[in-house]
file upload-v1.csv (CSV, C-alpha atoms)
chain,number,residue,atom,x,y,z
A,1,MET,CA,129.7,-27.7,103.3
A,2,SER,CA,131.3,-30.2,100.9
A,3,ASP,CA,133.7,-32.8,102.2
A,4,LEU,CA,135.3,-33.3,98.8
A,5,PRO,CA,139.0,-32.5,98.6
A,6,THR,CA,140.0,-29.3,96.9
A,7,ASP,CA,142.3,-28.9,93.9
A,8,ALA,CA,145.0,-27.8,96.4
A,9,ASP,CA,144.5,-30.8,98.6
A,10,LEU,CA,144.9,-33.2,95.6
A,11,MET,CA,147.8,-31.3,94.1
A,12,ARG,CA,149.5,-31.5,97.5
A,13,ARG,CA,149.2,-35.2,97.4
A,14,ALA,CA,150.6,-35.3,93.9
A,15,LEU,CA,153.6,-33.3,95.1
A,16,SER,CA,154.1,-35.7,98.0
A,17,LEU,CA,154.2,-38.6,95.5
A,18,ALA,CA,156.8,-36.8,93.4
A,19,GLU,CA,159.0,-36.4,96.5
A,20,ARG,CA,159.4,-40.2,96.8
A,21,ALA,CA,161.8,-40.2,93.9
A,22,ARG,CA,164.0,-37.3,95.1
A,23,GLY,CA,167.6,-37.9,94.0
A,24,LEU,CA,166.6,-40.6,91.5
A,25,THR,CA,165.1,-39.0,88.4
A,26,SER,CA,167.9,-36.6,87.1
A,27,PRO,CA,168.1,-35.2,84.6
A,28,ASN,CA,164.4,-35.5,84.5
A,29,PRO,CA,162.2,-33.6,87.0
A,30,LEU,CA,160.3,-35.0,89.9
A,31,VAL,CA,156.7,-35.4,88.9
A,32,GLY,CA,153.6,-36.9,90.6
A,33,ALA,CA,150.1,-37.4,89.2
A,34,LEU,CA,146.6,-38.4,90.4
A,35,VAL,CA,143.5,-39.5,88.6
A,36,VAL,CA,140.4,-38.4,90.5
A,37,GLY,CA,136.8,-39.4,89.9
A,38,ASP,CA,134.0,-37.8,92.0
A,39,GLY,CA,136.5,-36.6,94.5
A,40,VAL,CA,138.0,-40.1,95.0
A,41,VAL,CA,141.6,-40.9,93.9
A,42,VAL,CA,141.3,-43.9,91.5
A,43,GLY,CA,144.9,-44.0,90.3
A,44,GLU,CA,148.2,-42.4,91.2
A,45,GLY,CA,151.8,-42.6,90.2
A,46,TYR,CA,155.1,-40.8,90.0
A,47,HIS,CA,158.2,-40.7,87.8
A,48,THR,CA,160.7,-43.1,89.5
A,49,ARG,CA,163.8,-42.6,87.3
A,50,ALA,CA,165.0,-41.4,83.9
A,51,GLY,CA,163.8,-43.7,81.2
A,52,ALA,CA,160.9,-45.1,83.3
A,53,PRO,CA,157.3,-44.2,82.5
A,54,HIS,CA,156.2,-40.6,83.3
A,55,ALA,CA,153.9,-40.0,86.3
A,56,GLU,CA,150.9,-39.3,84.1
A,57,ARG,CA,151.2,-42.7,82.4
A,58,GLU,CA,151.7,-44.5,85.8
A,59,ALA,CA,148.6,-42.8,87.2
A,60,LEU,CA,146.5,-43.6,84.1
A,61,ALA,CA,147.6,-47.2,84.1
A,62,ALA,CA,146.7,-47.5,87.8
A,63,ALA,CA,143.3,-46.1,87.2
A,64,GLY,CA,142.4,-48.3,84.3
A,65,ALA,CA,138.9,-47.8,83.0
A,66,ALA,CA,138.2,-45.3,85.7
A,67,THR,CA,140.0,-42.6,83.7
A,68,GLN,CA,136.8,-42.0,81.7
A,69,GLY,CA,135.4,-38.6,82.7
A,70,ALA,CA,138.0,-38.2,85.6
A,71,THR,CA,140.3,-35.3,86.5
A,72,LEU,CA,144.0,-35.6,86.2
A,73,TYR,CA,146.2,-33.7,88.6
A,74,VAL,CA,149.9,-33.4,87.6
A,75,THR,CA,152.7,-31.4,89.2
A,76,LEU,CA,154.4,-30.5,85.9
A,77,GLU,CA,152.9,-29.8,82.4
A,78,PRO,CA,152.5,-33.1,80.4
A,79,CYS,CA,155.0,-33.5,77.6
A,80,VAL,CA,154.3,-33.6,73.9
A,81,HIS,CA,157.6,-34.7,72.5
A,82,HIS,CA,159.4,-38.1,72.3
A,83,GLY,CA,162.3,-38.3,74.6
A,84,ARG,CA,163.4,-41.4,76.5
A,85,THR,CA,159.7,-42.2,76.7
A,86,PRO,CA,156.7,-41.4,74.5
A,87,PRO,CA,154.7,-38.2,75.1
A,88,CYS,CA,152.0,-38.0,77.7
A,89,ALA,CA,149.5,-35.5,76.3
A,90,PRO,CA,148.1,-38.0,73.7
A,91,ALA,CA,147.8,-40.7,76.3
A,92,ILE,CA,145.7,-38.3,78.5
A,93,VAL,CA,143.4,-37.6,75.6
A,94,GLU,CA,143.0,-41.3,74.7
A,95,ALA,CA,142.2,-42.2,78.3
A,96,GLY,CA,139.1,-40.0,78.3
A,97,ILE,CA,140.2,-37.6,81.0
A,98,ARG,CA,137.6,-34.8,81.3
A,99,ARG,CA,139.8,-32.1,83.0
A,100,VAL,CA,143.4,-31.6,83.8
A,101,VAL,CA,145.0,-29.5,86.7
A,102,VAL,CA,148.6,-28.6,86.2
A,103,ALA,CA,150.8,-27.1,88.9
A,104,VAL,CA,153.4,-25.4,86.7
A,105,LEU,CA,154.4,-25.2,83.0
A,106,ASP,CA,157.5,-27.1,81.9
A,107,PRO,CA,160.4,-24.7,81.3
A,108,ASN,CA,161.7,-26.8,78.5
A,109,ALA,CA,161.2,-24.9,75.3
A,110,ARG,CA,160.1,-28.1,73.5
A,111,VAL,CA,157.2,-28.4,76.0
A,112,SER,CA,156.4,-25.1,77.7
A,113,GLY,CA,152.8,-24.3,76.9
A,114,ALA,CA,152.6,-26.9,74.1
A,115,GLY,CA,151.4,-29.7,76.4
A,116,VAL,CA,148.6,-27.5,77.7
A,117,ALA,CA,147.7,-26.3,74.2
A,118,ALA,CA,147.5,-29.9,72.9
A,119,LEU,CA,145.1,-30.8,75.6
A,120,ARG,CA,142.9,-27.8,75.1
A,121,GLU,CA,142.8,-28.4,71.4
A,122,ALA,CA,141.5,-31.8,72.2
A,123,GLY,CA,138.6,-30.2,74.1
A,124,ILE,CA,140.0,-30.8,77.6
A,125,PRO,CA,139.8,-27.9,80.0
A,126,VAL,CA,143.2,-27.3,81.7
A,127,SER,CA,143.8,-25.3,84.8
A,128,VAL,CA,147.4,-24.1,85.4
A,129,GLY,CA,149.0,-22.7,88.6
A,130,CYS,CA,147.6,-24.8,91.5
A,131,LEU,CA,150.4,-24.7,94.1
A,132,GLU,CA,152.8,-23.4,91.4
A,133,GLU,CA,155.5,-22.1,93.8
A,134,ASP,CA,155.5,-25.4,95.7
A,135,ALA,CA,156.0,-27.2,92.4
A,136,ARG,CA,158.8,-24.8,91.4
A,137,ARG,CA,160.6,-25.4,94.6
A,138,LEU,CA,160.3,-29.2,94.2
A,139,ASN,CA,162.2,-29.0,90.9
A,140,ARG,CA,164.6,-26.1,91.5
A,141,PRO,CA,167.6,-28.1,90.0
A,142,PHE,CA,165.6,-28.9,86.9
A,143,PHE,CA,164.4,-25.4,86.4
A,144,THR,CA,167.9,-23.9,86.8
A,145,TRP,CA,169.5,-26.5,84.5
A,146,VAL,CA,166.9,-25.9,81.7
A,147,THR,CA,166.7,-22.1,81.9
A,148,GLU,CA,170.3,-21.2,82.9
A,149,ARG,CA,172.2,-24.1,81.4
A,150,ARG,CA,174.0,-24.8,84.7
A,151,PRO,CA,173.4,-26.9,87.8
A,152,PHE,CA,171.6,-25.6,90.8
A,153,VAL,CA,174.4,-25.1,93.3
A,154,THR,CA,174.1,-25.8,97.0
A,155,LEU,CA,176.9,-24.7,99.3
A,156,LYS,CA,177.2,-27.0,102.3
A,157,VAL,CA,179.2,-26.1,105.4
A,158,ALA,CA,179.8,-27.8,108.7
A,159,MET,CA,181.2,-25.4,111.3
A,160,SER,CA,181.6,-24.5,114.9
A,161,LEU,CA,179.4,-21.9,116.6
A,162,ASP,CA,182.1,-19.3,116.1
A,163,GLY,CA,182.3,-20.0,112.4
A,164,LYS,CA,185.3,-22.4,112.1
A,165,ILE,CA,185.3,-25.3,109.7
A,166,ALA,CA,188.4,-26.8,111.3
A,167,GLY,CA,190.7,-26.2,114.2
A,168,TRP,CA,193.9,-24.2,114.1
A,169,ASP,CA,195.7,-27.5,113.2
A,170,ARG,CA,193.3,-27.9,110.1
A,171,VAL,CA,191.7,-31.0,111.6
A,172,SER,CA,187.9,-31.1,110.8
A,173,ARG,CA,186.8,-34.6,111.8
A,174,TRP,CA,184.4,-34.4,113.3
A,175,ILE,CA,182.9,-31.0,114.0
A,176,THR,CA,179.4,-32.2,113.7
A,177,GLY,CA,177.7,-35.2,115.1
A,178,GLU,CA,176.6,-38.5,113.6
A,179,ALA,CA,173.0,-37.3,112.8
A,180,ALA,CA,174.3,-34.3,110.9
A,181,ARG,CA,176.7,-36.5,108.9
A,182,ARG,CA,173.8,-38.8,107.9
A,183,GLU,CA,171.9,-35.7,106.8
A,184,ALA,CA,174.9,-34.6,104.8
A,185,HIS,CA,174.9,-38.0,103.0
A,186,ARG,CA,171.2,-37.4,102.2
A,187,LEU,CA,172.2,-34.1,100.6
A,188,ARG,CA,174.8,-36.0,98.5
A,189,SER,CA,172.1,-38.5,97.4
A,190,GLU,CA,170.1,-35.6,95.9
A,191,ALA,CA,173.0,-34.2,94.0
A,192,ASP,CA,174.3,-35.3,90.6
A,193,ALA,CA,177.8,-34.1,91.5
A,194,VAL,CA,179.7,-33.3,94.7
A,195,ALA,CA,182.6,-30.9,94.4
A,196,VAL,CA,185.6,-30.0,96.5
A,197,GLY,CA,188.9,-28.1,96.0
A,198,ILE,CA,192.3,-29.7,95.9
A,199,SER,CA,193.1,-28.2,99.3
A,200,THR,CA,190.2,-30.2,100.9
A,201,VAL,CA,191.5,-33.4,99.2
A,202,LEU,CA,195.0,-32.9,100.4
A,203,ALA,CA,193.9,-32.1,104.0
A,204,ASP,CA,190.9,-34.4,104.6
A,205,ASP,CA,191.1,-37.1,101.8
A,206,PRO,CA,187.3,-37.4,101.5
A,207,GLU,CA,185.6,-40.2,99.4
A,208,LEU,CA,182.7,-38.0,98.4
A,209,THR,CA,180.5,-41.1,98.1
A,210,VAL,CA,176.9,-41.5,99.3
A,211,ARG,CA,176.9,-43.8,102.3
A,212,LEU,CA,173.3,-44.6,103.2
A,213,ASP,CA,171.6,-47.7,104.4
A,214,PRO,CA,170.4,-49.3,102.2
A,215,PRO,CA,173.0,-48.5,99.6
A,216,TRP,CA,172.1,-45.6,97.3
A,217,PRO,CA,171.5,-46.7,93.7
A,218,ARG,CA,173.0,-43.6,92.0
A,219,GLU,CA,176.7,-42.5,92.1
A,220,PRO,CA,177.1,-38.8,91.9
A,221,TYR,CA,180.2,-37.4,90.1
A,222,ARG,CA,183.1,-36.7,92.5
A,223,VAL,CA,184.5,-33.4,91.3
A,224,VAL,CA,187.9,-32.1,92.4
A,225,VAL,CA,188.9,-28.5,91.3
A,226,ASP,CA,192.6,-28.9,90.9
A,227,SER,CA,194.2,-26.3,88.6
A,228,ARG,CA,197.6,-27.9,88.5
A,229,GLY,CA,196.7,-31.6,88.8
A,230,ARG,CA,198.2,-32.1,92.2
A,231,ILE,CA,195.9,-34.8,93.4
A,232,ALA,CA,197.5,-38.0,94.7
A,233,LEU,CA,196.8,-41.2,92.7
A,234,THR,CA,196.0,-42.9,96.1
A,235,ALA,CA,193.5,-40.3,97.1
A,236,ARG,CA,190.2,-41.9,98.2
A,237,VAL,CA,188.2,-39.8,95.8
A,238,MET,CA,190.2,-41.5,93.0
A,239,THR,CA,189.6,-45.0,94.3
A,240,ALA,CA,186.1,-44.9,95.7
A,241,GLY,CA,183.3,-46.1,93.4
A,242,HIS,CA,183.6,-46.2,89.6
A,243,PRO,CA,186.8,-44.5,88.4
A,244,GLY,CA,184.9,-42.7,85.6
A,245,ARG,CA,182.7,-40.9,88.1
A,246,THR,CA,185.8,-38.9,89.3
A,247,LEU,CA,186.2,-35.6,87.5
A,248,ILE,CA,189.4,-33.6,87.9
A,249,ALA,CA,189.0,-30.0,86.7
A,250,VAL,CA,192.4,-28.6,85.7
A,251,THR,CA,193.8,-25.7,83.7
A,252,GLY,CA,196.6,-25.4,81.2
A,253,ALA,CA,199.0,-25.2,84.2
A,254,ALA,CA,198.6,-29.0,84.8
A,255,PRO,CA,201.5,-30.9,83.2
A,256,ILE,CA,200.4,-33.0,80.2
A,257,GLU,CA,202.1,-36.1,81.6
A,258,ARG,CA,200.2,-35.7,84.9
A,259,VAL,CA,196.9,-35.4,83.1
A,260,LYS,CA,197.8,-38.6,81.1
A,261,VAL,CA,198.5,-40.5,84.3
A,262,LEU,CA,195.2,-39.4,85.9
A,263,GLU,CA,193.3,-40.5,82.8
A,264,GLU,CA,195.1,-43.8,82.8
A,265,ARG,CA,193.8,-44.4,86.3
A,266,GLY,CA,190.2,-44.0,85.0
A,267,ALA,CA,189.4,-40.4,86.1
A,268,GLN,CA,188.0,-38.0,83.6
A,269,VAL,CA,190.1,-34.8,83.4
A,270,LEU,CA,188.3,-31.6,82.4
A,271,ARG,CA,190.7,-29.2,80.7
A,272,LEU,CA,189.2,-25.9,81.4
A,273,PRO,CA,190.1,-22.2,81.0
A,274,SER,CA,191.7,-20.4,83.9
A,275,ARG,CA,190.7,-17.1,85.5
A,276,ASP,CA,193.1,-15.4,87.9
A,277,GLY,CA,195.2,-18.6,87.9
A,278,ARG,CA,192.4,-20.9,89.0
A,279,VAL,CA,189.8,-23.0,87.2
A,280,ASP,CA,187.2,-20.8,85.6
A,281,LEU,CA,184.1,-21.8,87.6
A,282,ASN,CA,181.7,-20.7,84.9
A,283,ALA,CA,183.4,-23.0,82.5
A,284,LEU,CA,183.2,-25.8,85.0
A,285,VAL,CA,179.5,-25.5,85.7
A,286,ALA,CA,178.8,-25.3,81.9
A,287,ASP,CA,180.8,-28.5,81.4
A,288,LEU,CA,178.9,-30.2,84.2
A,289,ALA,CA,175.5,-29.1,82.7
A,290,GLN,CA,176.5,-30.8,79.5
A,291,ARG,CA,177.0,-34.0,81.5
A,292,GLU,CA,173.4,-33.7,82.7
A,293,VAL,CA,174.4,-32.5,86.2
A,294,THR,CA,171.3,-30.6,87.4
A,295,ALA,CA,172.3,-30.4,91.1
A,296,LEU,CA,175.8,-29.7,92.4
A,297,LEU,CA,176.7,-29.9,96.0
A,298,LEU,CA,179.8,-27.9,97.2
A,299,GLU,CA,181.7,-29.5,100.1
A,300,GLY,CA,184.9,-27.5,99.5
A,301,GLY,CA,186.9,-25.2,101.7
A,302,GLY,CA,186.8,-21.5,102.0
A,303,GLN,CA,188.6,-20.7,98.7
A,304,LEU,CA,186.2,-22.8,96.5
A,305,ASN,CA,183.2,-21.5,98.4
A,306,ALA,CA,184.3,-17.9,97.9
A,307,GLY,CA,185.0,-18.5,94.2
A,308,PHE,CA,181.5,-19.8,93.6
A,309,LEU,CA,179.9,-17.1,95.6
A,310,GLU,CA,181.8,-14.3,93.8
A,311,ALA,CA,180.9,-15.9,90.5
A,312,GLY,CA,177.2,-15.7,91.4
A,313,LEU,CA,176.8,-19.4,91.1
A,314,VAL,CA,175.5,-20.4,94.5
A,315,ASP,CA,171.7,-20.8,94.8
A,316,ARG,CA,171.3,-22.3,98.3
A,317,VAL,CA,173.3,-22.4,101.5
A,318,VAL,CA,173.1,-25.3,104.0
A,319,VAL,CA,175.0,-24.8,107.3
A,320,PHE,CA,175.4,-27.4,110.0
A,321,VAL,CA,176.4,-25.6,113.3
A,322,ALA,CA,178.0,-27.6,116.1
A,323,PRO,CA,177.7,-26.5,119.7
A,324,MET,CA,181.4,-25.8,120.2
A,325,LEU,CA,183.8,-22.9,120.1
A,326,LEU,CA,187.2,-23.3,118.4
A,327,GLY,CA,188.6,-19.8,118.2
A,328,GLY,CA,192.0,-19.0,116.8
A,329,TYR,CA,192.9,-16.6,114.0
A,330,ARG,CA,194.5,-19.5,112.1
A,331,ALA,CA,191.4,-21.7,112.1
A,332,PRO,CA,189.8,-21.6,108.6
A,333,THR,CA,186.4,-20.2,108.0
A,334,PRO,CA,183.7,-21.2,105.4
A,335,VAL,CA,184.3,-18.4,103.0
A,336,ALA,CA,187.8,-17.2,102.3
A,337,GLY,CA,189.1,-14.5,100.0
A,338,PRO,CA,189.3,-10.8,100.7
A,339,GLY,CA,185.7,-10.7,102.1
A,340,ARG,CA,183.0,-8.0,101.7
A,341,GLY,CA,181.6,-5.0,103.5
A,342,LEU,CA,178.2,-5.2,105.2
A,343,LYS,CA,176.5,-3.4,102.3
A,344,GLU,CA,177.8,-5.9,99.8
A,345,ALA,CA,177.3,-9.1,101.9
A,346,PHE,CA,175.7,-12.2,100.4
A,347,ARG,CA,172.2,-12.3,102.0
A,348,LEU,CA,169.8,-15.2,102.4
A,349,ASN,CA,166.1,-15.5,101.9
A,350,GLY,CA,163.6,-18.0,103.3
A,351,MET,CA,165.8,-19.0,106.3
A,352,THR,CA,164.9,-22.1,108.2
A,353,VAL,CA,166.5,-23.5,111.4
A,354,ARG,CA,166.0,-27.0,112.8
A,355,PRO,CA,167.9,-29.3,115.2
A,356,VAL,CA,169.7,-32.3,113.7
A,357,GLY,CA,170.9,-34.4,116.6
A,358,GLU,CA,173.0,-32.2,118.8
A,359,ASP,CA,173.7,-29.7,115.9
A,360,LEU,CA,171.6,-27.1,114.2
A,361,LEU,CA,170.8,-27.0,110.5
A,362,ILE,CA,170.4,-23.6,108.9
A,363,GLU,CA,169.2,-23.3,105.3
A,364,GLY,CA,168.4,-20.4,103.0
A,365,ASP,CA,168.5,-19.2,99.4
A,366,ILE,CA,171.0,-16.7,98.1
A,367,ALA,CA,169.1,-13.4,97.5
A,368,ARG,CA,169.7,-12.0,94.0
A,369,GLY,CA,169.0,-8.3,94.6
A,370,ASN,CA,165.2,-8.0,95.1
A,371,LYS,CA,164.6,-11.4,93.5
A,372,ASP,CA,164.7,-15.0,94.6
A,373,VAL,CA,166.7,-17.7,92.8
A,374,TYR,CA,164.0,-18.0,90.1
A,375,GLY,CA,164.1,-14.4,89.2
A,376,HIS,CA,160.7,-13.7,90.8
A,377,ARG,CA,160.2,-10.5,92.8
call {"tool": "encode", "arguments": {"input": "upload-v1.csv", "output": "structure tokens"}}
result
Amino acid sequence: MSDLPTDADLMRRALSLAERARGLTSPNPLVGALVVGDGVVVGEGYHTRAGAPHAEREALAAAGAATQGATLYVTLEPCVHHGRTPPCAPAIVEAGIRRVVVAVLDPNARVSGAGVAALREAGIPVSVGCLEEDARRLNRPFFTWVTERRPFVTLKVAMSLDGKIAGWDRVSRWITGEAARREAHRLRSEADAVAVGISTVLADDPELTVRLDPPWPREPYRVVVDSRGRIALTARVMTAGHPGRTLIAVTGAAPIERVKVLEERGAQVLRLPSRDGRVDLNALVADLAQREVTALLLEGGGQLNAGFLEAGLVDRVVVFVAPMLLGGYRAPTPVAGPGRGLKEAFRLNGMTVRPVGEDLLIEGDIARGNKDVYGHR
């Protein structure tokens, strides 16, 4: 029996490399690569940030002359077009790579299939599909952004065991413990934008910043859905971080003078169409996609959560459950609105549950009929 690692073993290592840059590469995907000769890894690399060398070039450079006759493992199809950096397929050919193993094709129309075709035309055998589903899950925001022209939306909730996000008095600090709050900041660090509704701003005055140790190098957009422009100029979301990273989404109901004052304070005001008297959420996510927001984290209250769910815009749900009971018919719940019957309920696939400090973290993907969030049956 051979002790040499299998293609799956090596691709799993490449995926692990890609994970190291989670939250740092947007709008580019997470990508890892290995150069392997005679079953031994002779070079490895991953894409560290947008504008930095791609994973393939990092791995080729690390391998040096050992690339001749070696196999390249890469988690996403090598590119063939000039973007922020030069294409990778020609570099692979020039390096003398003998074989290439690709986890998944790039969904970008400028690349999809073209990178593999270029390598095969150069006489290099290419295998596609090794740990494909793992590679797709790694880059769910990128795939959604490219194929649907909107961000991948995660709805995050912190609630009591009986499903309350605040007490009867609307006080919500703190339902969950310190470990859960740290985990919530990790979720923020992986997002390009964090969104709340104006009611959350008025009630809780959140910063919506990433507070990790060491300080996080990227600053997600802070999005406030505020149809009438009611946000206070002293709100922490207006003063935390760079002013231009605050986006206030309003409708035509927001007074022009109010919009002007918000812009003078440095915030970007998104004038969007309305639907049923509120900001059209489809227009909002389309605007965010144009700003290269590939991952959006919802931290709003019940009204905003319900709006995104009813619009079919939520892909994943993350719920922190605290070991407490609040009770009370006036205590708010995670999803407001008129509600749904059992047969029409939003259902989740791929559920996981794990402890985070004294709380539980429940995660799952929104089921789209008989399909998952990628459209696969």
call {"tool": "residues_around", "arguments": {"input": "upload-v1.csv", "residues": "range 10-15 of chain A", "least_positions_apart": "4", "cutoff": "9 Å", "atoms": "all atoms listed in the file", "output": "MDAnalysis selection string"}}
result
chainID A and resid 5:6 19 30:34 36 41 44:46 73:75 101:103 130:131 134:135 138
call {"tool": "residues_around", "arguments": {"input": "upload-v1.csv", "residues": "Trp168 in chain A", "least_positions_apart": "4", "cutoff": "7 Å", "atoms": "all atoms listed in the file", "output": "VMD selection string"}}
result
chain A and resid 328 330 to 331
call {"tool": "closest_residue", "arguments": {"input": "upload-v1.csv", "among": "A:Pro323, A:Gly266, A:Gly69, A:Gly229", "to": "Gly244 in chain A", "atoms": "only C-alpha atoms"}}
result
A:Gly266
call {"tool": "residues_around", "arguments": {"input": "upload-v1.csv", "residues": "Val100 in chain A", "least_positions_apart": "5", "cutoff": "8 Å", "atoms": "all atoms listed in the file", "output": "ChimeraX atom specification"}}
result
/A:71-74,124-127
call {"tool": "residues_around", "arguments": {"input": "upload-v1.csv", "residues": "Thr144 in chain A", "least_positions_apart": "5", "cutoff": "10 Å", "atoms": "all atoms listed in the file", "output": "list in words"}}
result
Pro107, Asn139, Arg149, Arg150, Pro151, Phe152, Val153, Thr294, Ala295, Asp315, Val373 and Tyr374 of chain A
call {"tool": "atom_distance", "arguments": {"input": "upload-v1.csv", "atom1": "CA of Ile97 in chain A", "atom2": "CA of Val35 in chain A"}}
result
8.5 Å
call {"tool": "closest_residue", "arguments": {"input": "upload-v1.csv", "among": "A:Asp3, A:Glu257, A:Asp359, A:Asp365", "to": "Glu183 in chain A", "atoms": "all atoms listed in the file"}}
result
A:Asp359
call {"tool": "atom_distance", "arguments": {"input": "upload-v1.csv", "atom1": "CA of Glu94 in chain A", "atom2": "CA of Val40 in chain A"}}
result
20.9 Å
call {"tool": "closest_residue", "arguments": {"input": "upload-v1.csv", "among": "A:Leu284, A:Ala367, A:Arg98, A:Arg316", "to": "Gly37 in chain A", "atoms": "all atoms listed in the file"}}
result
A:Arg98
call {"tool": "closest_residue", "arguments": {"input": "upload-v1.csv", "among": "A:Arg49, A:Arg22, A:Lys164, A:Arg258", "to": "Leu233 in chain A", "atoms": "only C-alpha atoms"}}
result
A:Arg258
call {"tool": "closest_residue", "arguments": {"input": "upload-v1.csv", "among": "A:Thr209, A:Thr85, A:Thr234, A:Ser227", "to": "Pro273 in chain A", "atoms": "only C-alpha atoms"}}
result
A:Ser227
call {"tool": "residues_around", "arguments": {"input": "upload-v1.csv", "residues": "Ile362 in chain A", "least_positions_apart": "6", "cutoff": "6 Å", "atoms": "all atoms listed in the file", "output": "PyMOL selection string"}}
result
chain A and resi 318-319+352-353
call {"tool": "closest_residue", "arguments": {"input": "upload-v1.csv", "among": "A:Val335, A:Val196, A:Ala191, A:Leu212", "to": "Arg140 in chain A", "atoms": "all atoms listed in the file"}}
result
A:Ala191
call {"tool": "closest_atom_pairs", "arguments": {"input": "upload-v1.csv", "of": "range 228-316 of chain A", "to": "range 336-348 of chain A", "cutoff": "7 Å", "atoms": "only C-alpha atoms", "output": "CSV"}}
result
residue,atom,partner,partner_atom,distance
A:Gly302,CA,A:Ala336,CA,4.4
A:Gln303,CA,A:Ala336,CA,5.1
A:Ala306,CA,A:Ala336,CA,5.7
call {"tool": "atom_distance", "arguments": {"input": "upload-v1.csv", "atom1": "CA of Pro87 in chain A", "atom2": "CA of Ala289 in chain A"}}
result
23.9 Å
